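Source file: query-v9.tsv. Holds: TSV, C-alpha atoms.
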chain	number	residue	atom	x	y	z
A	1	MET	CA	-62.87	4.44	-38.58
A	2	TYR	CA	-59.23	5.03	-37.68
A	3	TYR	CA	-57.80	4.92	-34.16
A	4	ILE	CA	-54.41	6.12	-32.93
A	5	PHE	CA	-52.96	4.72	-29.70
A	6	THR	CA	-49.70	6.01	-28.21
A	7	GLU	CA	-47.74	4.34	-25.43
A	8	PRO	CA	-47.89	6.75	-22.44
A	9	LEU	CA	-44.18	7.11	-21.70
A	10	PHE	CA	-43.25	7.00	-25.38
A	11	SER	CA	-45.79	9.62	-26.40
A	12	GLU	CA	-43.68	12.58	-25.24
A	13	THR	CA	-40.63	11.58	-27.26
A	14	PRO	CA	-39.76	13.44	-30.47
A	15	TRP	CA	-39.87	10.08	-32.27
A	16	CYS	CA	-43.51	9.50	-31.32
A	17	LYS	CA	-44.46	13.07	-32.21
A	18	THR	CA	-42.86	12.72	-35.65
A	19	ILE	CA	-44.68	9.43	-36.36
A	20	VAL	CA	-48.06	10.67	-35.11
A	21	GLY	CA	-47.66	14.03	-36.86
A	22	GLY	CA	-47.05	12.35	-40.20
A	23	LEU	CA	-49.94	9.95	-39.62
A	24	VAL	CA	-52.40	12.70	-38.70
A	25	ASN	CA	-51.29	14.72	-41.73
A	26	GLU	CA	-52.04	11.82	-44.08
A	27	LEU	CA	-55.40	11.07	-42.44
A	28	SER	CA	-56.36	14.74	-42.72
A	29	LYS	CA	-55.41	14.88	-46.39
A	30	ARG	CA	-57.86	12.07	-47.06
A	31	ARG	CA	-60.44	13.57	-44.71
A	32	TYR	CA	-60.56	10.37	-42.67
A	33	GLY	CA	-61.97	10.61	-39.17
A	34	TYR	CA	-59.80	9.41	-36.31
A	35	THR	CA	-59.55	9.36	-32.52
A	36	VAL	CA	-56.51	9.37	-30.27
A	37	ASN	CA	-56.24	7.00	-27.27
A	38	ILE	CA	-59.97	6.28	-27.27
A	39	LEU	CA	-61.21	2.69	-27.40
A	40	PRO	CA	-63.32	1.76	-30.44
A	41	SER	CA	-67.04	2.37	-30.14
A	42	ALA	CA	-67.93	0.08	-33.04
A	43	GLU	CA	-66.48	-2.93	-34.82
A	44	GLY	CA	-64.16	-2.63	-37.80
A	45	GLY	CA	-61.55	-0.14	-38.92
A	46	PHE	CA	-57.83	0.24	-38.32
A	47	ALA	CA	-55.87	1.07	-35.18
A	48	PHE	CA	-52.36	2.53	-35.34
A	49	LEU	CA	-50.20	1.58	-32.35
A	50	VAL	CA	-47.23	3.88	-31.73
A	51	GLY	CA	-44.81	2.74	-29.06
A	52	SER	CA	-41.79	0.59	-28.25
A	53	ASN	CA	-42.75	-1.79	-25.44
A	54	ALA	CA	-43.89	-5.33	-26.27
A	55	GLY	CA	-46.15	-5.57	-23.20
A	56	TRP	CA	-48.03	-2.40	-24.13
A	57	PHE	CA	-48.46	-3.57	-27.73
A	58	ASP	CA	-49.90	-6.86	-26.47
A	59	GLU	CA	-52.54	-5.10	-24.34
A	60	ILE	CA	-53.71	-2.81	-27.16
A	61	ILE	CA	-53.79	-5.66	-29.70
A	62	ASN	CA	-56.03	-7.63	-27.32
A	63	ALA	CA	-58.43	-4.67	-27.12
A	64	CYS	CA	-58.46	-4.32	-30.92
A	65	GLU	CA	-59.24	-8.00	-31.37
A	66	ALA	CA	-62.26	-7.64	-29.10
A	67	PHE	CA	-63.69	-5.02	-31.48
A	68	SER	CA	-62.52	-6.70	-34.75
A	69	VAL	CA	-60.30	-3.68	-35.41
A	70	HIS	CA	-57.18	-4.40	-37.43
A	71	PRO	CA	-54.11	-3.32	-35.39
A	72	ILE	CA	-51.08	-1.84	-37.15
A	73	ILE	CA	-47.90	-1.37	-35.15
A	74	LEU	CA	-45.94	1.76	-36.07
A	75	GLY	CA	-42.70	1.19	-34.26
A	76	SER	CA	-39.00	1.02	-34.96
A	77	GLN	CA	-39.26	-2.75	-34.78
A	78	SER	CA	-41.96	-5.32	-34.11
A	79	ASP	CA	-41.79	-8.57	-32.17
A	80	SER	CA	-42.30	-11.86	-34.00
A	81	ARG	CA	-44.92	-12.88	-31.43
A	82	PHE	CA	-47.30	-10.36	-33.05
A	83	ASP	CA	-46.79	-11.54	-36.65
A	84	SER	CA	-50.08	-13.42	-36.93
A	85	ARG	CA	-52.08	-10.84	-34.96
A	86	CYS	CA	-51.40	-7.52	-36.61
A	87	SER	CA	-49.72	-5.65	-39.44
A	88	CYS	CA	-46.55	-3.71	-38.88
A	89	ILE	CA	-44.60	-0.74	-40.18
A	90	SER	CA	-41.04	-0.62	-38.91
A	91	SER	CA	-37.66	0.79	-39.80
A	92	ASN	CA	-35.29	-1.60	-41.52
A	93	ILE	CA	-33.03	-1.90	-38.50
A	94	MET	CA	-31.32	-5.10	-39.59
A	95	GLN	CA	-30.12	-3.66	-42.88
A	96	SER	CA	-29.03	-0.41	-41.26
A	97	VAL	CA	-26.85	-2.16	-38.65
A	98	LYS	CA	-25.23	-4.20	-41.39
A	99	GLU	CA	-24.51	-1.04	-43.39
A	100	ILE	CA	-23.07	0.70	-40.33
A	101	LEU	CA	-20.71	-2.19	-39.60
A	102	ASN	CA	-19.68	-2.39	-43.25
A	103	TYR	CA	-19.04	1.35	-43.22
A	104	LEU	CA	-16.87	1.09	-40.11
A	105	LYS	CA	-14.94	-1.76	-41.70
A	106	LEU	CA	-14.39	0.27	-44.85
A	107	ILE	CA	-12.69	3.02	-42.88
A	108	GLY	CA	-10.61	0.54	-40.90
A	109	LEU	CA	-12.60	0.39	-37.64
A	110	GLU	CA	-13.32	-3.17	-36.53
A	111	SER	CA	-13.69	-2.96	-32.74
A	112	PRO	CA	-17.04	-1.24	-32.06
A	113	ALA	CA	-19.10	-1.17	-28.88
A	114	LEU	CA	-22.90	-1.03	-28.75
A	115	PHE	CA	-24.04	1.62	-26.28
A	116	GLY	CA	-27.27	2.45	-24.45
A	117	VAL	CA	-29.29	-0.76	-24.97
A	118	ASN	CA	-32.67	-0.73	-23.18
A	119	ARG	CA	-33.62	-4.32	-22.42
A	120	SER	CA	-37.37	-3.65	-22.83
A	121	SER	CA	-37.10	-1.82	-26.17
A	122	LEU	CA	-37.90	-3.90	-29.25
A	123	THR	CA	-35.78	-1.56	-31.35
A	124	ASN	CA	-32.75	-1.89	-29.10
A	125	GLN	CA	-33.13	-5.66	-28.93
A	126	THR	CA	-33.14	-5.82	-32.73
A	127	GLN	CA	-30.05	-3.62	-32.88
A	128	LEU	CA	-28.38	-5.92	-30.36
A	129	GLU	CA	-29.33	-9.05	-32.28
A	130	CYS	CA	-27.93	-7.64	-35.51
A	131	PHE	CA	-24.79	-6.37	-33.80
A	132	ARG	CA	-24.06	-9.85	-32.47
A	133	SER	CA	-24.97	-11.54	-35.74
A	134	TYR	CA	-22.78	-9.46	-38.02
A	135	LEU	CA	-19.87	-9.32	-35.58
A	136	SER	CA	-19.94	-12.90	-34.34
A	137	GLY	CA	-16.15	-13.17	-34.33
A	138	GLY	CA	-14.58	-11.68	-31.21
A	139	ILE	CA	-17.65	-9.77	-29.97
A	140	SER	CA	-18.98	-10.66	-26.53
A	141	ASP	CA	-21.66	-9.42	-24.16
A	142	GLY	CA	-18.93	-7.31	-22.61
A	143	ASP	CA	-19.00	-5.13	-25.72
A	144	VAL	CA	-22.68	-4.29	-25.17
A	145	TYR	CA	-23.51	-1.54	-22.66
A	146	TYR	CA	-27.01	-1.59	-21.19
A	147	ASN	CA	-29.06	1.35	-19.99
A	148	ASP	CA	-30.87	-0.10	-16.96
A	149	GLY	CA	-32.34	3.19	-15.82
A	150	SER	CA	-29.39	5.56	-15.90
A	151	VAL	CA	-27.72	6.37	-19.19
A	152	GLY	CA	-25.06	8.18	-17.17
A	153	ASP	CA	-24.10	4.98	-15.35
A	154	CYS	CA	-24.12	3.20	-18.70
A	155	GLY	CA	-21.68	5.81	-20.01
A	156	ASP	CA	-19.42	5.41	-16.97
A	157	SER	CA	-19.25	1.67	-17.58
A	158	LEU	CA	-18.19	2.22	-21.17
A	159	MET	CA	-15.57	4.82	-20.21
A	160	GLU	CA	-13.88	2.24	-17.99
A	161	ASN	CA	-13.24	0.11	-21.08
A	162	ILE	CA	-13.00	2.79	-23.75
A	163	HIS	CA	-9.45	1.70	-24.63
A	164	LYS	CA	-10.85	-1.52	-26.11
A	165	TYR	CA	-12.81	0.23	-28.87
A	166	ASP	CA	-12.13	2.22	-32.01
A	167	SER	CA	-15.79	3.19	-32.60
A	168	ILE	CA	-19.20	3.20	-30.91
A	169	ILE	CA	-22.72	2.54	-32.16
A	170	GLY	CA	-25.29	4.40	-30.06
A	171	VAL	CA	-28.82	2.95	-30.06
A	172	ASN	CA	-30.33	6.45	-29.97
A	173	ASP	CA	-29.24	10.07	-30.16
A	174	PHE	CA	-29.88	11.00	-26.55
A	175	ALA	CA	-27.77	8.18	-25.16
A	176	SER	CA	-25.04	9.12	-27.64
A	177	VAL	CA	-25.06	12.79	-26.64
A	178	ILE	CA	-24.58	11.80	-22.98
A	179	LEU	CA	-21.68	9.63	-24.09
A	180	MET	CA	-20.14	12.43	-26.15
A	181	LYS	CA	-20.15	14.67	-23.08
A	182	LYS	CA	-18.33	12.00	-21.08
A	183	LEU	CA	-15.81	11.46	-23.87
A	184	SER	CA	-15.17	15.20	-23.92
A	185	GLU	CA	-14.67	15.28	-20.14
A	186	HIS	CA	-12.00	12.60	-20.49
A	187	GLY	CA	-10.36	14.23	-23.49
A	188	ARG	CA	-11.17	11.29	-25.75
A	189	LYS	CA	-12.23	11.45	-29.39
A	190	ILE	CA	-13.77	8.37	-30.95
A	191	PRO	CA	-16.21	8.03	-33.89
A	192	VAL	CA	-19.84	7.51	-32.85
A	193	ILE	CA	-22.68	6.46	-35.15
A	194	THR	CA	-26.10	7.01	-33.64
A	195	TYR	CA	-29.77	6.51	-34.47
A	196	GLY	CA	-32.28	9.35	-34.65
A	197	ALA	CA	-30.71	12.13	-36.73
A	198	SER	CA	-31.76	14.70	-34.11
A	199	GLU	CA	-30.56	18.26	-34.35
A	200	LEU	CA	-28.92	17.81	-30.96
A	201	ALA	CA	-26.76	14.93	-32.15
A	202	LYS	CA	-25.77	16.80	-35.31
A	203	LYS	CA	-24.13	19.45	-33.12
A	204	TYR	CA	-21.40	16.93	-32.35
A	205	TYR	CA	-20.27	16.44	-35.95
A	206	PRO	CA	-17.66	15.33	-37.07
A	207	GLU	CA	-17.28	12.86	-34.17
A	208	VAL	CA	-20.95	11.84	-34.58
A	209	LEU	CA	-22.68	10.58	-37.72
A	210	THR	CA	-26.40	9.92	-37.64
A	211	VAL	CA	-28.94	7.49	-39.05
A	212	SER	CA	-32.58	8.53	-39.46
A	213	MET	CA	-35.22	5.89	-38.71
A	214	GLY	CA	-37.45	7.27	-41.45
A	215	TYR	CA	-40.23	8.11	-38.98
A	216	GLU	CA	-41.41	10.98	-41.18
A	217	ASN	CA	-42.43	8.41	-43.81
A	218	TYR	CA	-44.49	6.17	-41.52
A	219	GLY	CA	-47.74	8.04	-42.19
A	220	LYS	CA	-47.57	7.56	-45.96
A	221	ALA	CA	-46.62	3.92	-45.52
A	222	ALA	CA	-49.57	3.43	-43.13
A	223	MET	CA	-52.10	4.78	-45.63
A	224	ARG	CA	-50.74	2.57	-48.41
A	225	LEU	CA	-50.87	-0.43	-46.10
A	226	CYS	CA	-54.52	0.29	-45.24
A	227	ASP	CA	-55.37	0.63	-48.93
A	228	MET	CA	-53.73	-2.72	-49.58
A	229	LEU	CA	-55.65	-4.45	-46.81
A	230	LYS	CA	-58.96	-2.93	-47.88
A	231	SER	CA	-58.47	-4.00	-51.50
A	232	SER	CA	-57.29	-7.51	-50.55
A	233	PRO	CA	-59.68	-8.97	-47.97
A	234	GLU	CA	-57.91	-12.32	-48.28
A	235	THR	CA	-54.75	-10.76	-46.82
A	236	ASP	CA	-54.42	-11.43	-43.10
A	237	PHE	CA	-51.56	-9.07	-42.20
A	238	VAL	CA	-48.78	-7.09	-43.88
A	239	LYS	CA	-45.28	-6.13	-42.76
A	240	VAL	CA	-43.69	-3.00	-44.24
A	241	GLY	CA	-40.07	-1.98	-43.83
A	242	VAL	CA	-39.25	1.73	-43.99
A	243	LYS	CA	-35.78	2.64	-45.20
A	244	CYS	CA	-33.33	4.08	-42.68
A	245	VAL	CA	-31.58	7.16	-44.08
A	246	PHE	CA	-27.84	7.56	-43.53
A	247	ASP	CA	-25.98	10.80	-42.99
A	248	ASP	CA	-24.77	12.07	-46.37
A	249	ARG	CA	-21.29	12.41	-44.93
A	250	PHE	CA	-20.98	8.60	-44.77
A	251	ASN	CA	-20.45	8.55	-48.52
A	252	ALA	CA	-17.36	10.70	-48.32
A	253	PHE	CA	-15.47	7.82	-46.75
A	254	ILE	CA	-16.67	5.03	-49.05
A	255	THR	CA	-14.50	4.88	-52.16
A	256	LYS	CA	-15.11	2.53	-55.06
A	257	ASP	CA	-11.90	0.61	-54.35
A	258	LYS	CA	-12.85	0.04	-50.70
A	259	ALA	CA	-16.35	-1.09	-51.64
A	260	GLU	CA	-15.01	-3.51	-54.25
A	261	ALA	CA	-12.52	-4.91	-51.74
A	262	LEU	CA	-15.26	-5.48	-49.18
A	263	ILE	CA	-17.53	-7.17	-51.72
A	264	SER	CA	-14.67	-9.39	-52.89
A	265	GLU	CA	-13.93	-10.42	-49.30
A	266	ASN	CA	-17.58	-11.17	-48.56
A	267	LEU	CA	-17.84	-13.27	-51.71
A	268	THR	CA	-15.07	-15.54	-50.49
A	269	THR	CA	-15.41	-15.56	-46.71
A	270	HIS	CA	-19.18	-15.89	-46.31
A	271	SER	CA	-19.83	-18.67	-48.80
A	272	ASP	CA	-21.47	-21.92	-47.72
A	273	THR	CA	-18.63	-24.19	-48.89
A	274	LYS	CA	-20.00	-27.31	-47.20
A	275	PHE	CA	-23.03	-27.38	-49.47
A	276	TYR	CA	-21.79	-25.84	-52.69
A	277	SER	CA	-18.49	-27.74	-52.78
A	278	ASP	CA	-20.23	-31.11	-52.72
A	279	SER	CA	-19.42	-32.68	-56.12
A	280	THR	CA	-22.86	-34.30	-56.36
A	281	ILE	CA	-24.61	-30.98	-55.69
A	282	VAL	CA	-22.39	-29.30	-58.29
A	283	GLU	CA	-23.34	-31.91	-60.90
A	284	MET	CA	-27.04	-31.56	-60.14
A	285	MET	CA	-26.90	-27.76	-60.36
A	286	ASN	CA	-25.09	-28.01	-63.70
A	287	ILE	CA	-27.77	-30.32	-65.04
A	288	GLU	CA	-30.51	-28.01	-63.76
A	289	ASN	CA	-28.84	-25.02	-65.45
A	290	MET	CA	-28.75	-26.95	-68.71
A	291	LEU	CA	-32.38	-28.08	-68.48
A	292	LEU	CA	-33.56	-24.55	-67.70
A	293	SER	CA	-32.08	-23.40	-71.01
A	294	CYS	CA	-33.49	-26.28	-73.10
A	295	ASP	CA	-36.48	-25.97	-75.39
A	296	GLU	CA	-38.54	-28.75	-77.00
A	297	THR	CA	-36.00	-29.29	-79.80
A	298	ASP	CA	-33.15	-29.57	-77.30
A	299	TYR	CA	-35.05	-32.23	-75.39
A	300	LYS	CA	-35.57	-34.20	-78.58
A	301	ILE	CA	-31.86	-33.96	-79.37
A	302	LEU	CA	-30.98	-35.15	-75.85
A	303	ASN	CA	-33.37	-38.06	-76.20
A	304	LEU	CA	-31.79	-39.14	-79.47
A	305	LEU	CA	-28.24	-38.66	-78.18
A	306	MET	CA	-29.06	-40.92	-75.22
A	307	GLN	CA	-30.08	-43.51	-77.81
A	308	ASN	CA	-26.61	-43.24	-79.41
A	309	GLU	CA	-27.93	-41.53	-82.54
A	310	SER	CA	-25.35	-39.62	-84.61
A	311	TYR	CA	-25.54	-35.91	-85.35
A	312	GLU	CA	-26.39	-36.71	-88.98
A	313	ASP	CA	-29.27	-39.03	-88.03
A	314	ILE	CA	-30.63	-36.53	-85.52
A	315	ALA	CA	-30.58	-33.74	-88.12
A	316	GLU	CA	-32.46	-35.96	-90.55
A	317	LYS	CA	-35.08	-37.06	-88.03
A	318	LEU	CA	-35.72	-33.53	-86.78
A	319	PHE	CA	-35.68	-31.98	-90.27
A	320	CYS	CA	-32.97	-29.46	-89.37
A	321	ALA	CA	-29.45	-28.62	-90.49
A	322	LEU	CA	-26.48	-30.58	-89.17
A	323	ASN	CA	-24.88	-27.35	-87.92
A	324	THR	CA	-28.05	-26.60	-85.95
A	325	VAL	CA	-27.74	-29.88	-84.07
A	326	LYS	CA	-24.03	-29.29	-83.40
A	327	TYR	CA	-24.68	-25.74	-82.19
A	328	ARG	CA	-27.45	-26.84	-79.82
A	329	VAL	CA	-25.32	-29.62	-78.36
A	330	LYS	CA	-22.46	-27.15	-77.91
A	331	LYS	CA	-24.74	-24.79	-75.95
A	332	MET	CA	-26.02	-27.64	-73.78
A	333	LYS	CA	-22.43	-28.67	-72.96
A	334	GLU	CA	-21.59	-25.11	-71.94
A	335	ASN	CA	-24.70	-24.77	-69.78
A	336	CYS	CA	-23.90	-28.09	-68.12
A	337	ASN	CA	-20.27	-27.02	-67.65
A	338	CYS	CA	-19.03	-30.12	-69.52
A	339	SER	CA	-16.06	-30.26	-71.87
A	340	SER	CA	-17.42	-33.04	-74.07
A	341	LYS	CA	-20.65	-34.58	-75.30
A	342	SER	CA	-19.85	-37.91	-73.65
A	343	GLU	CA	-19.27	-36.22	-70.27
A	344	MET	CA	-22.56	-34.36	-70.54
A	345	LEU	CA	-24.50	-37.51	-71.45
A	346	ALA	CA	-22.83	-39.54	-68.69
A	347	ILE	CA	-23.74	-37.00	-66.00
A	348	PHE	CA	-27.22	-36.44	-67.39
A	349	GLY	CA	-27.88	-40.17	-67.68
A	350	SER	CA	-26.90	-40.77	-64.05
A	351	TYR	CA	-29.76	-38.57	-62.83
A	352	CYS	CA	-32.37	-38.41	-65.58
A	353	GLU	CA	-34.29	-40.72	-67.81
A	354	ILE	CA	-35.78	-39.40	-71.03

What is this structure when it is put down as structure tokens?
Amino acid sequence: MYYIFTEPLFSETPWCKTIVGGLVNELSKRRYGYTVNILPSAEGGFAFLVGSNAGWFDEIINACEAFSVHPIILGSQSDSRFDSRCSCISSNIMQSVKEILNYLKLIGLESPALFGVNRSSLTNQTQLECFRSYLSGGISDGDVYYNDGSVGDCGDSLMENIHKYDSIIGVNDFASVILMKKLSEHGRKIPVITYGASELAKKYYPEVLTVSMGYENYGKAAMRLCDMLKSSPETDFVKVGVKCVFDDRFNAFITKDKAEALISENLTTHSDTKFYSDSTIVEMMNIENMLLSCDETDYKILNLLMQNESYEDIAEKLFCALNTVKYRVKKMKENCNCSSKSEMLAIFGSYCEI
């Protein structure tokens, strides 16, 4: 049996209706029976939990456990406290925030604010965590604007500091639309990227670009997840990430040269130099690269080289051509990043015994 539970306050949102609509459509296609917001009458089955509040999820998961029903959270983001208790389908928020910030950087905007954060929303908390993580340099709590019950007040707080920012990330479309109205009242134009891809937000293009959470795909993902769990009884729980879909207009700003420049910068500025610059670690990685490329004949050649055998003697003992031995040693030197045979043997001998 399949059960659908919707968080009361969340159930009237367009996001919830999109998720539940897609889920019901997939259940109907398969002719699976289901109930909505009715506690299980028998043990077993799957329960789909659609909401955003951690406390509500916890209550429903407890009820499911009492009936041995497998709970599956269908939310923008799950909380790690539920990892061992249920499966989860969520939008890939972390990757989307990273892509948004990279996009802003590509077009020369490096002072964003995060607007409309609801402290009780798992989705918003994930957006906040990623925002802080990817913009650790120079970003403070003062650049995060919380919605503590009035998105209008939240917007007023941001407007007081609007001069500090060259762009804004809105946690959802409705908060962003309120902000756009305030920006318009003050005669300010500033790029806003917002989550939801609602028709309402699209009316504010080109100042607003949108990101879809992929809610329309949750139903298909849920059915595949159930199939996986049914076919793999040894599997305890599964987490599925649904791709966030970016506004097609994003691509118009991302040129190949800008993308290559960003990649080049990330390759140099985000490298763990403390570990990978250690000469001992470098030597060990070189040896490992060499050993990964060696076959049985190479190992025999190494063994004989460590015994100070000449190329000619090795060729004779292994019944192969002299050029074959030389070629194999040459490849081993290259894979070990050594300029000479003696250097390779010295490094290899310091760590390995054949």

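Every residue within 6 Å of the file position (-41.0, -4.6, -40.5), judged by all atoms listed in the file, is given as Cys88, Ile89, Ser90, Lys239, Val240 and Gly241 of chain A.
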
Point-to-point distance in Å for atom CA of Leu122 of chain A and atom CA of Phe48 of chain A: 17.0 Å

Listed atoms of segment 240-248 of chain A boxed along x, y and z, 8 Å each side, centre and edge lengths in Å, one decimal, as JSON:
{"center_x": -34.2, "center_y": 4.5, "center_z": -44.5, "size_x": 34.9, "size_y": 31.1, "size_z": 19.7}

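Note that atom CA of Glu65 of chain A and atom CA of Ser28 of chain A are 25.6 Å apart.
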
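Distance-wise, atom CA of Ser150 of chain A and atom CA of Glu99 of chain A end up 28.7 Å apart.
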
Env of Leu179 of chain A: 12 Å cut, atoms = only C-alpha atoms, seq-sep filter 2 positions within chain, self excluded. Answer as a PyMOL selection string. chain A and resi 114-116+145+147+150-159+162+168-177+181-186+188-194+201+204+207-208

Using all atoms listed in the file, find all polymer residues with an atom at most 10 Å away from the point (-25.2, -34.4, -73.5); report them as a CSV table (one decimal) with C-alpha atoms, in the frame of the given file.
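Full text of part.csv as output:
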chain,number,residue,atom,x,y,z
A,287,ILE,CA,-27.8,-30.3,-65.0
A,290,MET,CA,-28.8,-27.0,-68.7
A,301,ILE,CA,-31.9,-34.0,-79.4
A,302,LEU,CA,-31.0,-35.2,-75.8
A,303,ASN,CA,-33.4,-38.1,-76.2
A,305,LEU,CA,-28.2,-38.7,-78.2
A,306,MET,CA,-29.1,-40.9,-75.2
A,329,VAL,CA,-25.3,-29.6,-78.4
A,330,LYS,CA,-22.5,-27.2,-77.9
A,331,LYS,CA,-24.7,-24.8,-76.0
A,332,MET,CA,-26.0,-27.6,-73.8
A,333,LYS,CA,-22.4,-28.7,-73.0
A,336,CYS,CA,-23.9,-28.1,-68.1
A,338,CYS,CA,-19.0,-30.1,-69.5
A,340,SER,CA,-17.4,-33.0,-74.1
A,341,LYS,CA,-20.6,-34.6,-75.3
A,342,SER,CA,-19.8,-37.9,-73.6
A,343,GLU,CA,-19.3,-36.2,-70.3
A,344,MET,CA,-22.6,-34.4,-70.5
A,345,LEU,CA,-24.5,-37.5,-71.4
A,346,ALA,CA,-22.8,-39.5,-68.7
A,347,ILE,CA,-23.7,-37.0,-66.0
A,348,PHE,CA,-27.2,-36.4,-67.4
A,349,GLY,CA,-27.9,-40.2,-67.7

Excluding Lys300 of chain A and any residue of its chain fewer than 6 positions from it, enumerate the residues within 10 Å of it, using only C-alpha atoms, and give them as a PDB file with C-alpha atoms, in the coordinates of the input.
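As a result, around-v8.pdb now contains:
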ATOM      1  CA  CYS A 294     -33.490 -26.280 -73.100  1.00  0.00           C
ATOM      2  CA  MET A 306     -29.060 -40.920 -75.220  1.00  0.00           C
ATOM      3  CA  ILE A 314     -30.630 -36.530 -85.520  1.00  0.00           C
ATOM      4  CA  LYS A 317     -35.080 -37.060 -88.030  1.00  0.00           C
ATOM      5  CA  LEU A 318     -35.720 -33.530 -86.780  1.00  0.00           C
ATOM      6  CA  ILE A 354     -35.780 -39.400 -71.030  1.00  0.00           C
TER       7      ILE A 354
END

Pick from A:Thr280, A:Thr324, A:Gln127, A:Ser133: nearest to Tyr351 of chain A, with all atoms listed in the file counted? A:Thr280

Nearest residue to Leu104 of chain A from the set A:Asp236, A:Glu296, A:Asp166, A:Glu312 (distances using only C-alpha atoms): A:Asp166

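Closest approach to Ser167 of chain A among A:Ala222, A:Glu110, A:Pro206, A:Val117 is made by A:Glu110 (distances from all atoms listed in the file).
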
In terms of the shortest atom-to-atom distance over all atoms listed in the file, which of A:Asp295, A:Glu334, A:Glu7, A:Glu26 is closest to Ile73 of chain A? A:Glu7

Between A:Cys226, A:Val97, A:Cys130, A:Met213, which residue has the minimum interatomic distance to Ser198 of chain A, considering only C-alpha atoms? A:Met213

Measuring atom to atom with all atoms listed in the file, identify which of A:Leu27, A:Leu106, A:Cys16, A:Leu225 is nearest to His70 of chain A. A:Leu225

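Using all atoms listed in the file, the residues found no farther than 9 Å from segment 53-64 of chain A, other than those of its own chain fewer than 6 positions away, are A:Phe5, A:Glu7, A:Phe10, A:Leu39, A:Pro40, A:Phe46, A:Ala47, A:His70, A:Pro71, A:Ile72, A:Ile73, A:Ser78, A:Asp79, A:Phe82, A:Arg85, A:Cys86, A:Ser120, A:Ser121, A:Leu122.
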
Skip Glu216 of chain A itself and residues of its chain fewer than 5 positions away, then list as a PyMOL selection string all residues within 10 Å of it, counting all atoms listed in the file. chain A and resi 15+17-23+221+242
